[in-house]
$ cat upload-v6.cif   # mmCIF, C-alpha atoms
data_protein
#
loop_
_atom_site.group_PDB
_atom_site.id
_atom_site.type_symbol
_atom_site.label_atom_id
_atom_site.label_comp_id
_atom_site.auth_asym_id
_atom_site.auth_seq_id
_atom_site.Cartn_x
_atom_site.Cartn_y
_atom_site.Cartn_z
ATOM 1 C CA MET A 1 6.898 28.329 -4.115
ATOM 2 C CA THR A 2 8.876 25.421 -5.593
ATOM 3 C CA GLU A 3 9.206 22.057 -3.866
ATOM 4 C CA GLU A 4 12.863 22.836 -3.215
ATOM 5 C CA GLN A 5 11.967 26.126 -1.496
ATOM 6 C CA LEU A 6 9.223 24.395 0.469
ATOM 7 C CA VAL A 7 11.668 21.749 1.695
ATOM 8 C CA LYS A 8 14.202 24.406 2.736
ATOM 9 C CA GLU A 9 11.567 26.332 4.682
ATOM 10 C CA CYS A 10 10.327 23.155 6.367
ATOM 11 C CA VAL A 11 13.880 22.246 7.361
ATOM 12 C CA SER A 12 14.347 25.730 8.812
ATOM 13 C CA GLY A 13 11.330 25.056 11.050
ATOM 14 C CA SER A 14 8.642 27.211 9.427
ATOM 15 C CA PRO A 15 5.227 26.014 10.670
ATOM 16 C CA VAL A 16 3.545 27.649 7.648
ATOM 17 C CA ALA A 17 5.790 25.696 5.258
ATOM 18 C CA GLN A 18 5.246 22.487 7.213
ATOM 19 C CA LYS A 19 1.476 22.952 6.945
ATOM 20 C CA LYS A 20 1.799 23.547 3.179
ATOM 21 C CA PHE A 21 3.957 20.436 2.887
ATOM 22 C CA TYR A 22 1.431 18.384 4.827
ATOM 23 C CA ASP A 23 -1.473 19.731 2.750
ATOM 24 C CA LEU A 24 0.417 18.943 -0.450
ATOM 25 C CA PHE A 25 0.867 15.252 0.341
ATOM 26 C CA ALA A 26 -1.596 14.223 3.068
ATOM 27 C CA LYS A 27 -4.524 13.214 0.861
ATOM 28 C CA LYS A 28 -2.459 11.002 -1.463
ATOM 29 C CA MET A 29 -0.538 9.477 1.410
ATOM 30 C CA MET A 30 -3.758 8.741 3.289
ATOM 31 C CA GLY A 31 -4.728 6.634 0.281
ATOM 32 C CA VAL A 32 -1.452 4.729 0.636
ATOM 33 C CA CYS A 33 -2.038 4.230 4.368
ATOM 34 C CA LEU A 34 -5.598 3.005 3.835
ATOM 35 C CA ARG A 35 -4.357 0.251 1.517
ATOM 36 C CA TYR A 36 -2.104 -1.162 4.245
ATOM 37 C CA THR A 37 -4.343 -0.834 7.301
ATOM 38 C CA ASN A 38 -7.604 -2.348 8.506
ATOM 39 C CA ASN A 39 -9.498 0.864 9.160
ATOM 40 C CA TYR A 40 -9.441 4.639 8.922
ATOM 41 C CA GLU A 41 -8.173 5.157 12.465
ATOM 42 C CA GLU A 42 -5.153 2.910 11.891
ATOM 43 C CA ALA A 43 -4.487 4.721 8.614
ATOM 44 C CA GLN A 44 -4.556 8.075 10.424
ATOM 45 C CA ASP A 45 -2.024 6.776 12.955
ATOM 46 C CA VAL A 46 0.283 5.550 10.187
ATOM 47 C CA LEU A 47 -0.113 8.856 8.337
ATOM 48 C CA GLN A 48 0.813 10.841 11.437
ATOM 49 C CA GLU A 49 3.771 8.597 12.232
ATOM 50 C CA GLY A 50 4.871 8.812 8.602
ATOM 51 C CA PHE A 51 4.821 12.607 8.577
ATOM 52 C CA ILE A 52 6.821 12.695 11.795
ATOM 53 C CA LYS A 53 9.473 10.544 10.095
ATOM 54 C CA ILE A 54 9.319 12.658 6.947
ATOM 55 C CA PHE A 55 9.889 15.909 8.818
ATOM 56 C CA LYS A 56 12.792 14.347 10.746
ATOM 57 C CA LYS A 57 14.382 13.042 7.531
ATOM 58 C CA LEU A 58 13.613 16.083 5.374
ATOM 59 C CA PRO A 59 17.108 17.571 5.866
ATOM 60 C CA ASP A 60 18.458 14.397 4.191
ATOM 61 C CA PHE A 61 16.332 14.799 1.040
ATOM 62 C CA GLU A 62 18.740 15.493 -1.802
ATOM 63 C CA SER A 63 16.312 16.562 -4.581
ATOM 64 C CA LYS A 64 17.730 13.843 -6.845
ATOM 65 C CA GLY A 65 14.370 12.213 -7.404
ATOM 66 C CA SER A 66 10.736 12.998 -7.013
ATOM 67 C CA LEU A 67 9.782 14.496 -3.651
ATOM 68 C CA GLU A 68 6.435 12.721 -3.829
ATOM 69 C CA GLY A 69 8.186 9.398 -4.504
ATOM 70 C CA TRP A 70 10.460 9.969 -1.507
ATOM 71 C CA VAL A 71 7.476 10.818 0.712
ATOM 72 C CA ARG A 72 5.563 7.767 -0.587
ATOM 73 C CA ARG A 73 8.483 5.436 0.134
ATOM 74 C CA ILE A 74 8.697 6.654 3.743
ATOM 75 C CA MET A 75 4.925 6.305 4.114
ATOM 76 C CA VAL A 76 4.936 2.742 2.725
ATOM 77 C CA ASN A 77 7.817 1.807 5.025
ATOM 78 C CA THR A 78 5.952 3.326 7.980
ATOM 79 C CA ALA A 79 2.852 1.308 7.079
ATOM 80 C CA LEU A 80 4.978 -1.837 6.849
ATOM 81 C CA ASP A 81 6.580 -1.088 10.217
ATOM 82 C CA SER A 82 3.120 -0.729 11.733
ATOM 83 C CA TYR A 83 1.995 -3.941 10.092
ATOM 84 C CA ARG A 84 5.023 -5.855 11.385
ATOM 85 C CA ARG A 85 4.478 -4.515 14.907
ATOM 86 C CA SER A 86 0.813 -5.443 15.012
ATOM 87 C CA LYS A 87 0.608 -8.787 13.229
ATOM 88 C CA LYS A 88 2.428 -12.018 12.808
ATOM 89 C CA TYR A 89 1.858 -11.908 9.079
ATOM 90 C CA GLN A 90 3.243 -15.373 8.367
ATOM 91 C CA LYS A 91 0.390 -16.926 10.321
ATOM 92 C CA ASP A 92 -2.563 -14.712 9.459
ATOM 93 C CA VAL A 93 -3.947 -16.853 6.624
ATOM 94 C CA ASN A 94 -4.969 -20.461 6.853
ATOM 95 C CA VAL A 95 -4.263 -21.594 3.306
ATOM 96 C CA ASP A 96 -6.583 -24.591 3.664
ATOM 97 C CA SER A 97 -9.554 -22.327 4.346
ATOM 98 C CA VAL A 98 -9.187 -20.339 1.123
ATOM 99 C CA SER A 99 -10.916 -21.560 -2.007
ATOM 100 C CA PHE A 100 -8.958 -20.609 -5.087
ATOM 101 C CA LEU A 101 -10.155 -19.897 -8.604
ATOM 102 C CA LEU A 102 -8.484 -21.275 -11.676
ATOM 103 C CA ASP A 103 -5.611 -19.198 -13.024
ATOM 104 C CA SER A 104 -6.621 -16.643 -15.604
ATOM 105 C CA LYS A 105 -5.056 -13.695 -17.350
ATOM 106 C CA ASP A 106 -5.030 -10.327 -15.658
ATOM 107 C CA TYR A 107 -7.659 -7.915 -16.863
ATOM 108 C CA ILE A 108 -8.659 -4.356 -16.172
ATOM 109 C CA ILE A 109 -12.005 -3.485 -14.669
ATOM 110 C CA GLU A 110 -12.992 -0.095 -15.938
ATOM 111 C CA SER A 111 -16.390 0.105 -14.288
ATOM 112 C CA ILE A 112 -15.191 -0.115 -10.679
ATOM 113 C CA ASN A 113 -14.609 3.098 -8.754
ATOM 114 C CA ALA A 114 -11.661 3.738 -6.452
ATOM 115 C CA GLU A 115 -13.713 3.464 -3.232
ATOM 116 C CA ASP A 116 -15.100 0.059 -4.208
ATOM 117 C CA LEU A 117 -11.657 -1.164 -5.227
ATOM 118 C CA LEU A 118 -10.120 0.029 -1.950
ATOM 119 C CA GLU A 119 -12.882 -1.721 0.009
ATOM 120 C CA ILE A 120 -12.307 -4.946 -1.921
ATOM 121 C CA ILE A 121 -8.532 -4.832 -1.463
ATOM 122 C CA ARG A 122 -8.967 -4.145 2.249
ATOM 123 C CA SER A 123 -11.264 -7.171 2.570
ATOM 124 C CA ILE A 124 -8.570 -9.736 1.766
ATOM 125 C CA PRO A 125 -6.314 -11.106 4.524
ATOM 126 C CA GLU A 126 -3.499 -8.782 5.580
ATOM 127 C CA GLY A 127 -0.648 -10.983 4.363
ATOM 128 C CA TYR A 128 -2.152 -11.105 0.887
ATOM 129 C CA ARG A 129 -3.066 -7.425 0.933
ATOM 130 C CA VAL A 130 0.388 -6.210 1.925
ATOM 131 C CA VAL A 131 2.121 -8.255 -0.785
ATOM 132 C CA PHE A 132 -0.504 -7.243 -3.369
ATOM 133 C CA ASN A 133 -0.064 -3.554 -2.530
ATOM 134 C CA LEU A 134 3.713 -3.737 -2.600
ATOM 135 C CA PHE A 135 3.911 -5.642 -5.877
ATOM 136 C CA ALA A 136 0.924 -4.498 -7.941
ATOM 137 C CA ILE A 137 0.562 -0.924 -6.730
ATOM 138 C CA GLU A 138 3.929 0.197 -5.382
ATOM 139 C CA GLY A 139 6.005 -1.704 -7.939
ATOM 140 C CA TYR A 140 8.350 -3.565 -5.596
ATOM 141 C CA SER A 141 9.917 -6.799 -6.869
ATOM 142 C CA HIS A 142 9.223 -10.060 -5.063
ATOM 143 C CA LYS A 143 12.841 -10.047 -3.921
ATOM 144 C CA GLU A 144 12.403 -6.582 -2.364
ATOM 145 C CA ILE A 145 9.108 -7.628 -0.774
ATOM 146 C CA ALA A 146 10.736 -10.730 0.699
ATOM 147 C CA GLU A 147 13.493 -8.582 2.216
ATOM 148 C CA GLN A 148 11.001 -6.037 3.586
ATOM 149 C CA LEU A 149 8.756 -8.653 5.178
ATOM 150 C CA GLY A 150 11.374 -11.199 6.195
ATOM 151 C CA VAL A 151 9.886 -13.989 4.074
ATOM 152 C CA THR A 152 11.130 -15.953 1.087
ATOM 153 C CA GLU A 153 10.721 -14.736 -2.463
ATOM 154 C CA SER A 154 8.505 -17.748 -3.212
ATOM 155 C CA THR A 155 6.266 -16.829 -0.261
ATOM 156 C CA SER A 156 5.873 -13.341 -1.709
ATOM 157 C CA LYS A 157 4.988 -14.785 -5.122
ATOM 158 C CA SER A 158 2.466 -17.246 -3.699
ATOM 159 C CA GLN A 159 0.857 -14.587 -1.475
ATOM 160 C CA TYR A 160 0.520 -12.331 -4.547
ATOM 161 C CA SER A 161 -0.948 -15.133 -6.635
ATOM 162 C CA ARG A 162 -3.429 -16.015 -3.906
ATOM 163 C CA ALA A 163 -4.331 -12.346 -3.448
ATOM 164 C CA LYS A 164 -5.149 -12.025 -7.149
ATOM 165 C CA LYS A 165 -7.282 -15.165 -7.055
ATOM 166 C CA MET A 166 -9.091 -13.994 -3.954
ATOM 167 C CA LEU A 167 -9.686 -10.554 -5.489
ATOM 168 C CA ARG A 168 -11.078 -12.169 -8.655
ATOM 169 C CA LYS A 169 -13.461 -14.258 -6.552
ATOM 170 C CA ILE A 170 -14.682 -11.163 -4.683
ATOM 171 C CA LEU A 171 -15.111 -9.233 -7.934
ATOM 172 C CA ILE A 172 -17.215 -12.076 -9.347
ATOM 173 C CA GLU A 173 -19.295 -12.324 -6.155
ATOM 174 C CA LYS A 174 -19.913 -8.573 -6.149
ATOM 175 C CA LYS A 175 -20.825 -8.787 -9.838
ATOM 176 C CA PHE A 176 -18.075 -6.399 -10.985
ATOM 177 C CA VAL A 177 -16.941 -9.203 -13.273
ATOM 178 C CA GLU A 178 -19.138 -11.664 -15.133
ATOM 179 C CA GLU A 179 -18.857 -15.310 -14.157
ATOM 180 C CA SER A 180 -17.662 -15.991 -17.724
ATOM 181 C CA GLU A 181 -14.589 -13.815 -17.008
ATOM 182 C CA ARG A 182 -13.365 -16.490 -14.579
ATOM 183 C CA GLY A 183 -11.623 -18.583 -17.232
ATOM 184 C CA ARG A 184 -10.087 -15.729 -19.226
#
$ encode --input "upload-v6.cif" --output "structure tokens"
Amino acid sequence: MTEEQLVKECVSGSPVAQKKFYDLFAKKMMGVCLRYTNNYEEAQDVLQEGFIKIFKKLPDFESKGSLEGWVRRIMVNTALDSYRRSKKYQKDVNVDSVSFLLDSKDYIIESINAEDLLEIIRSIPEGYRVVFNLFAIEGYSHKEIAEQLGVTESTSKSQYSRAKKMLRKILIEKKFVEESERGR
């Protein structure tokens, strides 16, 4: 069955097709939800809410782009909606309490597995984490992030910069990166 056929059957109300659709995307989208939430239970709630939105909006899908990309965008927006409802993100980080590392070039850590990386990303403050996810993982521009979160573009940039510095510090502390990597 093609994605187009699957979408048509889901729109027509077929529970079998809806289950196939869910099975096709649930695991990947759970990964998206986990990056934006504080725990597995919150991620499950966002996933469920996201799929409800997806099934309601499925008749509007025009097959002009990737179905997975469309599903991911709805899931990210659902996670952001949940985040906005639950937190006052502008006030969740006391900048004075964060010790920053010196700027260094970005580098890739090949030895870290996905579970460890997810745990590390989830350990940084929510404001930093949301901006980091949107910019580094989802590919949004700082302008788009600012619009999504209702902050300035410079706030988005500084949150991203601070997130990277905080992540570097954690990677050094957990010995995923050598101390000598700090100044790279």
$ residues_near_point --input "upload-v6.cif" --point "(0.8, -13.0, -4.5)" --cutoff "12 Å" --atoms "only C-alpha atoms" --output "PDB file with C-alpha atoms, in the coordinates of the input"
ATOM      1  CA  ILE A 124      -8.570  -9.736   1.766  1.00  0.00           C
ATOM      2  CA  PRO A 125      -6.314 -11.106   4.524  1.00  0.00           C
ATOM      3  CA  GLU A 126      -3.499  -8.782   5.580  1.00  0.00           C
ATOM      4  CA  GLY A 127      -0.648 -10.983   4.363  1.00  0.00           C
ATOM      5  CA  TYR A 128      -2.152 -11.105   0.887  1.00  0.00           C
ATOM      6  CA  ARG A 129      -3.066  -7.425   0.933  1.00  0.00           C
ATOM      7  CA  VAL A 130       0.388  -6.210   1.925  1.00  0.00           C
ATOM      8  CA  VAL A 131       2.121  -8.255  -0.785  1.00  0.00           C
ATOM      9  CA  PHE A 132      -0.504  -7.243  -3.369  1.00  0.00           C
ATOM     10  CA  ASN A 133      -0.064  -3.554  -2.530  1.00  0.00           C
ATOM     11  CA  LEU A 134       3.713  -3.737  -2.600  1.00  0.00           C
ATOM     12  CA  PHE A 135       3.911  -5.642  -5.877  1.00  0.00           C
ATOM     13  CA  ALA A 136       0.924  -4.498  -7.941  1.00  0.00           C
ATOM     14  CA  SER A 141       9.917  -6.799  -6.869  1.00  0.00           C
ATOM     15  CA  HIS A 142       9.223 -10.060  -5.063  1.00  0.00           C
ATOM     16  CA  ILE A 145       9.108  -7.628  -0.774  1.00  0.00           C
ATOM     17  CA  ALA A 146      10.736 -10.730   0.699  1.00  0.00           C
ATOM     18  CA  GLU A 153      10.721 -14.736  -2.463  1.00  0.00           C
ATOM     19  CA  SER A 154       8.505 -17.748  -3.212  1.00  0.00           C
ATOM     20  CA  THR A 155       6.266 -16.829  -0.261  1.00  0.00           C
ATOM     21  CA  SER A 156       5.873 -13.341  -1.709  1.00  0.00           C
ATOM     22  CA  LYS A 157       4.988 -14.785  -5.122  1.00  0.00           C
ATOM     23  CA  SER A 158       2.466 -17.246  -3.699  1.00  0.00           C
ATOM     24  CA  GLN A 159       0.857 -14.587  -1.475  1.00  0.00           C
ATOM     25  CA  TYR A 160       0.520 -12.331  -4.547  1.00  0.00           C
ATOM     26  CA  SER A 161      -0.948 -15.133  -6.635  1.00  0.00           C
ATOM     27  CA  ARG A 162      -3.429 -16.015  -3.906  1.00  0.00           C
ATOM     28  CA  ALA A 163      -4.331 -12.346  -3.448  1.00  0.00           C
ATOM     29  CA  LYS A 164      -5.149 -12.025  -7.149  1.00  0.00           C
ATOM     30  CA  LYS A 165      -7.282 -15.165  -7.055  1.00  0.00           C
ATOM     31  CA  MET A 166      -9.091 -13.994  -3.954  1.00  0.00           C
ATOM     32  CA  LEU A 167      -9.686 -10.554  -5.489  1.00  0.00           C
TER      33      LEU A 167
END
$ atom_distance --input "upload-v6.cif" --atom1 "CA of Val71 (chain A)" --atom2 "CA of Lys53 (chain A)"
9.6 Å
$ closest_residue --input "upload-v6.cif" --among "A:Val7, A:Arg73, A:Cys33, A:Lys27" --to "Leu58 (chain A)" --atoms "all atoms listed in the file"
A:Val7
$ atom_distance --input "upload-v6.cif" --atom1 "CA of Ser12 (chain A)" --atom2 "CA of Val46 (chain A)"
24.6 Å
$ closest_residue --input "upload-v6.cif" --among "A:Lys20, A:Val76, A:Val151, A:Gly69" --to "Thr2 (chain A)" --atoms "all atoms listed in the file"
A:Lys20
$ atom_distance --input "upload-v6.cif" --atom1 "CA of Ala79 (chain A)" --atom2 "CA of Tyr36 (chain A)"
6.2 Å
$ residues_near_point --input "upload-v6.cif" --point "(15.8, 22.6, 2.6)" --cutoff "9 Å" --atoms "all atoms listed in the file" --output "list of chain:residue names"
A:Glu4, A:Gln5, A:Leu6, A:Val7, A:Lys8, A:Glu9, A:Cys10, A:Val11, A:Ser12, A:Leu58, A:Pro59, A:Asp60, A:Phe61, A:Glu62
$ closest_residue --input "upload-v6.cif" --among "A:Leu149, A:Ile120, A:Met29, A:Ile137" --to "Ile172 (chain A)" --atoms "only C-alpha atoms"
A:Ile120
$ axis_aligned_box --input "upload-v6.cif" --around "region 15-20 of chain A" --padding-each-side "4 Å" --output "AutoDock Vina command-line options"
--center_x 3.6 --center_y 25.1 --center_z 6.9 --size_x 12.3 --size_y 13.2 --size_z 15.5
$ closest_residue --input "upload-v6.cif" --among "A:Glu147, A:Glu41, A:Asp81, A:Glu68" --to "Leu24 (chain A)" --atoms "all atoms listed in the file"
A:Glu68
$ closest_residue --input "upload-v6.cif" --among "A:Asn113, A:Lys56, A:Thr152, A:Tyr140" --to "Gly13 (chain A)" --atoms "only C-alpha atoms"
A:Lys56
$ closest_residue --input "upload-v6.cif" --among "A:Phe21, A:Ile121, A:Gly65, A:Val32" --to "Asn77 (chain A)" --atoms "all atoms listed in the file"
A:Val32
$ build_atoms --input "upload-v6.cif" --residues "region 119-130 of chain A" --atoms "N, CA and C atoms" --output "mmCIF file, in the frame of the given file"
data_model
loop_
_atom_site.group_PDB
_atom_site.id
_atom_site.type_symbol
_atom_site.label_atom_id
_atom_site.label_comp_id
_atom_site.auth_asym_id
_atom_site.auth_seq_id
_atom_site.Cartn_x
_atom_site.Cartn_y
_atom_site.Cartn_z
ATOM 1 N N GLU A 119 -12.126 -0.866 -0.913
ATOM 2 C CA GLU A 119 -12.882 -1.721 0.009
ATOM 3 C C GLU A 119 -12.609 -3.200 -0.272
ATOM 4 N N ILE A 120 -12.559 -3.552 -1.550
ATOM 5 C CA ILE A 120 -12.307 -4.946 -1.921
ATOM 6 C C ILE A 120 -10.892 -5.355 -1.525
ATOM 7 N N ILE A 121 -9.922 -4.510 -1.821
ATOM 8 C CA ILE A 121 -8.532 -4.832 -1.463
ATOM 9 C C ILE A 121 -8.400 -4.968 0.050
ATOM 10 N N ARG A 122 -9.068 -4.097 0.786
ATOM 11 C CA ARG A 122 -8.967 -4.145 2.249
ATOM 12 C C ARG A 122 -9.694 -5.347 2.838
ATOM 13 N N SER A 123 -10.523 -6.026 2.051
ATOM 14 C CA SER A 123 -11.264 -7.171 2.570
ATOM 15 C C SER A 123 -10.462 -8.469 2.535
ATOM 16 N N ILE A 124 -9.352 -8.496 1.810
ATOM 17 C CA ILE A 124 -8.570 -9.736 1.766
ATOM 18 C C ILE A 124 -7.637 -9.790 2.975
ATOM 19 N N PRO A 125 -7.188 -10.973 3.351
ATOM 20 C CA PRO A 125 -6.314 -11.106 4.524
ATOM 21 C C PRO A 125 -5.068 -10.224 4.407
ATOM 22 N N GLU A 126 -4.599 -9.745 5.550
ATOM 23 C CA GLU A 126 -3.499 -8.782 5.580
ATOM 24 C C GLU A 126 -2.247 -9.243 4.844
ATOM 25 N N GLY A 127 -1.853 -10.485 5.031
ATOM 26 C CA GLY A 127 -0.648 -10.983 4.363
ATOM 27 C C GLY A 127 -0.760 -10.855 2.855
ATOM 28 N N TYR A 128 -1.912 -11.223 2.321
ATOM 29 C CA TYR A 128 -2.152 -11.105 0.887
ATOM 30 C C TYR A 128 -2.178 -9.635 0.480
ATOM 31 N N ARG A 129 -2.880 -8.841 1.266
ATOM 32 C CA ARG A 129 -3.066 -7.425 0.933
ATOM 33 C C ARG A 129 -1.744 -6.674 0.892
ATOM 34 N N VAL A 130 -0.894 -6.914 1.869
ATOM 35 C CA VAL A 130 0.388 -6.210 1.925
ATOM 36 C C VAL A 130 1.232 -6.554 0.701
#
